[in-house]
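*Asks:* Input: one structure, supplied below.
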Amino acid sequence: MDGNRSKHEFRSNTLPAIVTVGPVSLLLMFLVVAPLVFVAVMSFCGTDEYYNVVYNFTAENYGRLLSVDYLKIYARSLLISLITTLLCVLIGYPFAYIIARTKSRKRQLLYMLVIIPFWTNSLIRIYGWRSFLGNSGWLVKALQFLHIIQEPVDFLYKTGTTVLGMVYCFVPFMVLPLYTAIEKLDGSLLEASSDLGAKPVRTLFEVILPLTSGGIFSGCIMVFIPCLGYFFVSNILGGGNTDMIGNLIERQFKSANNWPLGAALSIILILLTLLLVKLYQRLGGDMESLGV
Amino acid sequence: MGTIVEMIGVNKRYGSNHVVKDLNLIVNEGEFLTLLGSSGCGKTTTLRMIAGFEEPTTGSIKVEGVPVEEKEPYERNVNTVFQTYALFPHKTIFDNIAYGLKMKKVPKEEIKKRVLEMMEMVQLTGFEKRYPSQLSGGQKQRVAIARALINRPRVLLLDEPLGALDLKLRKQMQLELKRLQKKLNITFIYVTHDQEEALTMSDRIAIMHDGIVDQLDTPTEIYEHPTTRFVATFIGETNTYDGCVTSITDGIATITLENGAVKVKCDESFSILEYATVSVRPEKMRFSREPREGFELVAVVKDYIYVGSVLKCIVSLPNGNELKIERLAGQELPEIGSRIFPYWEPEDAVLIHNDSYKIFKILDEIKLA
């Protein structure tokens, strides 16, 4: 019934639809679809000896990307994204819970704590971390002052540092969907659980977590997928020791100047992302809670 | 019949908002006690303090003789039926009802047996595998009751449990609840704003008003012998007259009203020159064509309202106040606009101390001084 109705509505509204949505669609075609097609085409091209793009059909780029070295980097990307996502849940959930269950004005304040970093350039914030963690940074100085360490220690350029930066960047993406889910949770259910003899921990596992699992799920997707493609965090904090797919792509387009290979990597990343979104939908995920 | 819940000197404040004021409430074992009042009178807060969702600001609450103020809800042997049912939407009906037993780590076999037994008692057999969203309001209500009762609480707290049901279902559930309560012999503390519901179901009713229990008594006593002006007007329809006690002879007081003197039966607690309110139910009102001994009221018939078995006659007094008089259909009726003399049997009316007149008393004293 719904299908019929929407078809009918579409037909009767064709002209207004073209007038209103048309220009935007054209713009999107021009800005999104065309470049994507261009990337896809380029991923099947080769290069001459000066790394100029040569438009001949070849699957060589994809062949190269199947080598062990590249597979290692995919695996590392997945692992780092996974750890980041897990840490974001662990940090984000209690925080989101506190915001959602706080009444009055304090709630606004807590909410702003999440939102304000959003408004600051993330590149600048990551550089901030770098100067904080570096071997002449505040952290080292503070630890030396407290005599916890004697010699300067470099906290930068480790996998842990990259994960730290990633978690820092992505926690808000986790907190917001969780906040929405937890806020919807009916307080009387928690009272009922307690009334029926459940201690707080039991209530957490029996009522709170199952009823907010949708929020956890969409939060994970919101963190995991962009995390896979991020490059500047591992660039600045990982210093080349923790390369991820994003770094590879960046390098192919810039220093290595091998655009077709970079295009092929991008396509792989896009396919991986689509696969995950599809999986998310298959598991019953709601596209709206991703903001799509 | 022992005491099961004891609230002594309980106060609850939210900031400057004094919701429950110096409440003393003794609930007997096995009784059906209703907290009745309009919204914001503190009845739900009182219930939530017994359940443990709210902490009293001052005062003590004992359940089965043990102080519980410090105890969390999950440590108390009372269960609640929530106004919104609060069923767990992600659990089946079976799991919802089994929840309390599961928390107490009762063996699985016994849980199954008791849940099925309980489901039969509330007539929900066959609904085990459904989810709350697949049930009607009345069925959800039964699940909520079953989920609370299965824990065999000493006291069951019900917070306007029938509020969301339609009238017919509500009447049916009222009877069912009463039947369950008698059968299981569990103390029910029931919160409602519906006076008819309270009168139908309760052993005793506590009428709450502005954070205070105005009167705690059986339904009959509350209806026939209200002790405050609020109770008299809140329960059922009544005619009230504010006046001053001018004489008392043989237990019959003469009250002088703005519109003349009337007679009412009274007890020793009243004294001459006291301000008081007379309350007379419409069905106890009489009228005649001739003035009656001791009654000086004169009224004009304004209108008749037909309500099935009875007719309500609206008459107005010289000062503009209107009275309701009930007449059985078929009785002789004076014409609209004609003059009548309202009266009643002195023992059919109730005399109530009038607190709001205390201020005049104080003013009088100041004047005399």
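Scheme for the structure tokens: letters A, B, ... for chains in order shown; per-chain residue numbers from 1; ligand numbers from 1 in order shown.
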Using only C-alpha atoms, select each residue of chain A with any atom at most 6 Å away from an atom of chain B, and give the selection as a PyMOL selection string.
*Replies:* chain A and resi 188-189+194-198
*Asks:* As a PyMOL selection string, please: the residues near Phe44 (chain A) (cut-off 12 Å, only C-alpha atoms, same-chain neighbours under 5 positions excluded).
*Replies:* chain A and resi 37-39+53-63+259-265+267
*Asks:* Compile the contact shell of Ile325 (chain B) as a PyMOL selection string: residues with an atom at most 9 Å away, counting only C-alpha atoms, same-chain residues fewer than 6 positions apart removed.
*Replies:* chain B and resi 239+281-287+311-315+342
*Asks:* Using only C-alpha atoms, determine which residues lie at most 12 Å from Gly320 (chain B), disregarding the query and same-chain residues fewer than 6 positions distant; provide the list as a list of chain:residue names.
*Replies:*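 Counting only the stated atoms, we get B:Glu258, B:Asn259, B:Val298, B:Ala299, B:Val300, B:Lys302, B:Ile314.
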*Asks:* Could you write out the selected residues, including C-alpha atoms, as a CSV table (one decimal), in the first residue's frame?
*Replies:*
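And here is the file that came out, again_12.csv:
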chain,number,residue,atom,x,y,z
B,258,GLU,CA,-26.3,34.3,55.9
B,259,ASN,CA,-29.7,33.1,54.7
B,298,VAL,CA,-36.2,30.2,51.5
B,299,ALA,CA,-35.3,29.3,48.0
B,300,VAL,CA,-36.6,29.6,44.4
B,302,LYS,CA,-34.4,27.4,39.1
B,314,ILE,CA,-31.4,23.3,41.4
*Asks:* Write out as JSON, numbers by chain all residues of region 24-269 of chain A that DSSP puts in alpha helix (DSSP H) for this structure's backbone.
*Replies:* {"A": [24, 25, 26, 27, 28, 34, 35, 36, 37, 38, 39, 40, 41, 42, 60, 61, 62, 63, 64, 68, 69, 70, 71, 72, 73, 74, 75, 76, 77, 78, 79, 80, 81, 82, 83, 84, 85, 86, 87, 88, 89, 90, 91, 92, 93, 94, 95, 96, 97, 98, 99, 100, 101, 105, 106, 107, 108, 109, 110, 111, 112, 113, 114, 115, 116, 117, 118, 122, 123, 124, 125, 126, 127, 128, 129, 130, 131, 132, 133, 138, 139, 140, 141, 142, 143, 144, 145, 159, 160, 161, 162, 163, 164, 165, 166, 167, 168, 169, 170, 171, 172, 173, 174, 175, 176, 177, 178, 179, 180, 181, 182, 183, 184, 187, 188, 189, 190, 191, 192, 193, 194, 195, 200, 201, 202, 203, 209, 210, 211, 212, 213, 214, 215, 216, 217, 218, 219, 220, 221, 222, 223, 224, 225, 226, 227, 228, 229, 232, 233, 234, 235, 236, 245, 246, 247, 248, 249, 250, 251, 252, 253, 259, 260, 261, 262, 263, 264, 265, 266, 267, 268, 269]}
*Asks:* Expressed in Å to a single decimal, how great is the separation between CA of Val143 (chain B) and CA of Leu162 (chain B)?
*Replies:*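 If I compute the distance from CA of Val143 (chain B) to CA of Leu162 (chain B), I get 12.9 Å.
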*Asks:* Can you list, as a list of chain:residue names, every protein, DNA or RNA residue that comes within 9 Å of Thr58 (chain B) when you count only C-alpha atoms, leaving out same-chain residues fewer than 5 positions away?
*Replies:*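 Everything that qualifies: B:Gly9, B:Val10, B:Asn11, B:Lys12, B:Asp22.
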*Asks:* Which one of A:Phe145, A:Thr180, A:Phe95, A:Phe155 sits closest to Ser213 (chain A) if you count only C-alpha atoms?
*Replies:* A:Thr180
*Asks:* Just the residues within 9 Å of Val114 (chain A), please, counting only C-alpha atoms, with nothing from its chain fewer than 5 positions along; format it as a list in words.
*Replies:*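 Returned residues: Val171, Pro172, Val175 and Leu176 of chain A.
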*Asks:* Would you give me, as a Markdown table, each residue of region 172-246 of chain A having an atom within 10 Å of an atom of region 74-94 of chain A, along with its shortest atom pair and that distance in Å to one decimal, using only C-alpha atoms and sorting by chain and residue number?
*Replies:*
| residue | atom | partner | partner_atom | distance |
| --- | --- | --- | --- | --- |
| A:Pro172 | CA | A:Gly92 | CA | 7.6 |
| A:Phe173 | CA | A:Cys88 | CA | 8.8 |
| A:Met174 | CA | A:Gly92 | CA | 6.0 |
| A:Val175 | CA | A:Gly92 | CA | 5.1 |
| A:Leu176 | CA | A:Gly92 | CA | 8.8 |
| A:Pro177 | CA | A:Tyr93 | CA | 10.0 |
| A:Leu178 | CA | A:Tyr93 | CA | 6.6 |
| A:Tyr179 | CA | A:Tyr93 | CA | 8.2 |
| A:Ile182 | CA | A:Tyr93 | CA | 9.2 |
| A:Leu209 | CA | A:Tyr93 | CA | 9.9 |
| A:Thr212 | CA | A:Tyr93 | CA | 10.0 |
| A:Gly215 | CA | A:Tyr93 | CA | 9.7 |
| A:Ile216 | CA | A:Val89 | CA | 7.2 |
| A:Phe217 | CA | A:Val89 | CA | 9.7 |
| A:Gly219 | CA | A:Val89 | CA | 7.9 |
| A:Cys220 | CA | A:Thr85 | CA | 5.9 |
| A:Ile221 | CA | A:Thr85 | CA | 8.4 |
| A:Met222 | CA | A:Thr85 | CA | 9.0 |
| A:Val223 | CA | A:Thr85 | CA | 5.9 |
| A:Phe224 | CA | A:Ser81 | CA | 5.5 |
| A:Ile225 | CA | A:Ser81 | CA | 7.9 |
| A:Pro226 | CA | A:Ser81 | CA | 8.7 |
| A:Cys227 | CA | A:Ser81 | CA | 5.5 |
| A:Leu228 | CA | A:Ser81 | CA | 5.9 |
| A:Gly229 | CA | A:Ser77 | CA | 8.4 |
| A:Tyr230 | CA | A:Ser77 | CA | 9.4 |
| A:Thr242 | CA | A:Arg76 | CA | 7.8 |
| A:Asp243 | CA | A:Ser77 | CA | 7.7 |
| A:Met244 | CA | A:Ser77 | CA | 4.8 |
| A:Ile245 | CA | A:Tyr74 | CA | 6.2 |
| A:Gly246 | CA | A:Ser77 | CA | 8.6 |
*Asks:* My list of candidates is A:Ser25, A:Ser43, A:Ser136, A:Thr102. Which is closest to Gln252 (chain A) when distances are computed with only C-alpha atoms?
*Replies:*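 Looking at the shortest contact to Gln252 (chain A), the residue is A:Ser43.
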*Asks:* Could you please write out, as a list in words, every residue of region 5-81 of chain A that DSSP assigns to strand (DSSP E)?
*Replies:* Gly46, Thr47, Val53 and Val54 of chain A
*Asks:* Using only C-alpha atoms for the distances, tell me which of B:Ala198, B:Leu35, B:Leu216, B:Ile248 is nearest to Asp159 (chain B).
*Replies:*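 Among the listed residues, the smallest separation from Asp159 (chain B) belongs to B:Leu35.
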*Asks:* Work out how far apart CA of His18 (chain B) and CA of Thr57 (chain B) are and give it in Å to one decimal.
*Replies:*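 Between these atoms lies a distance of 9.8 Å.
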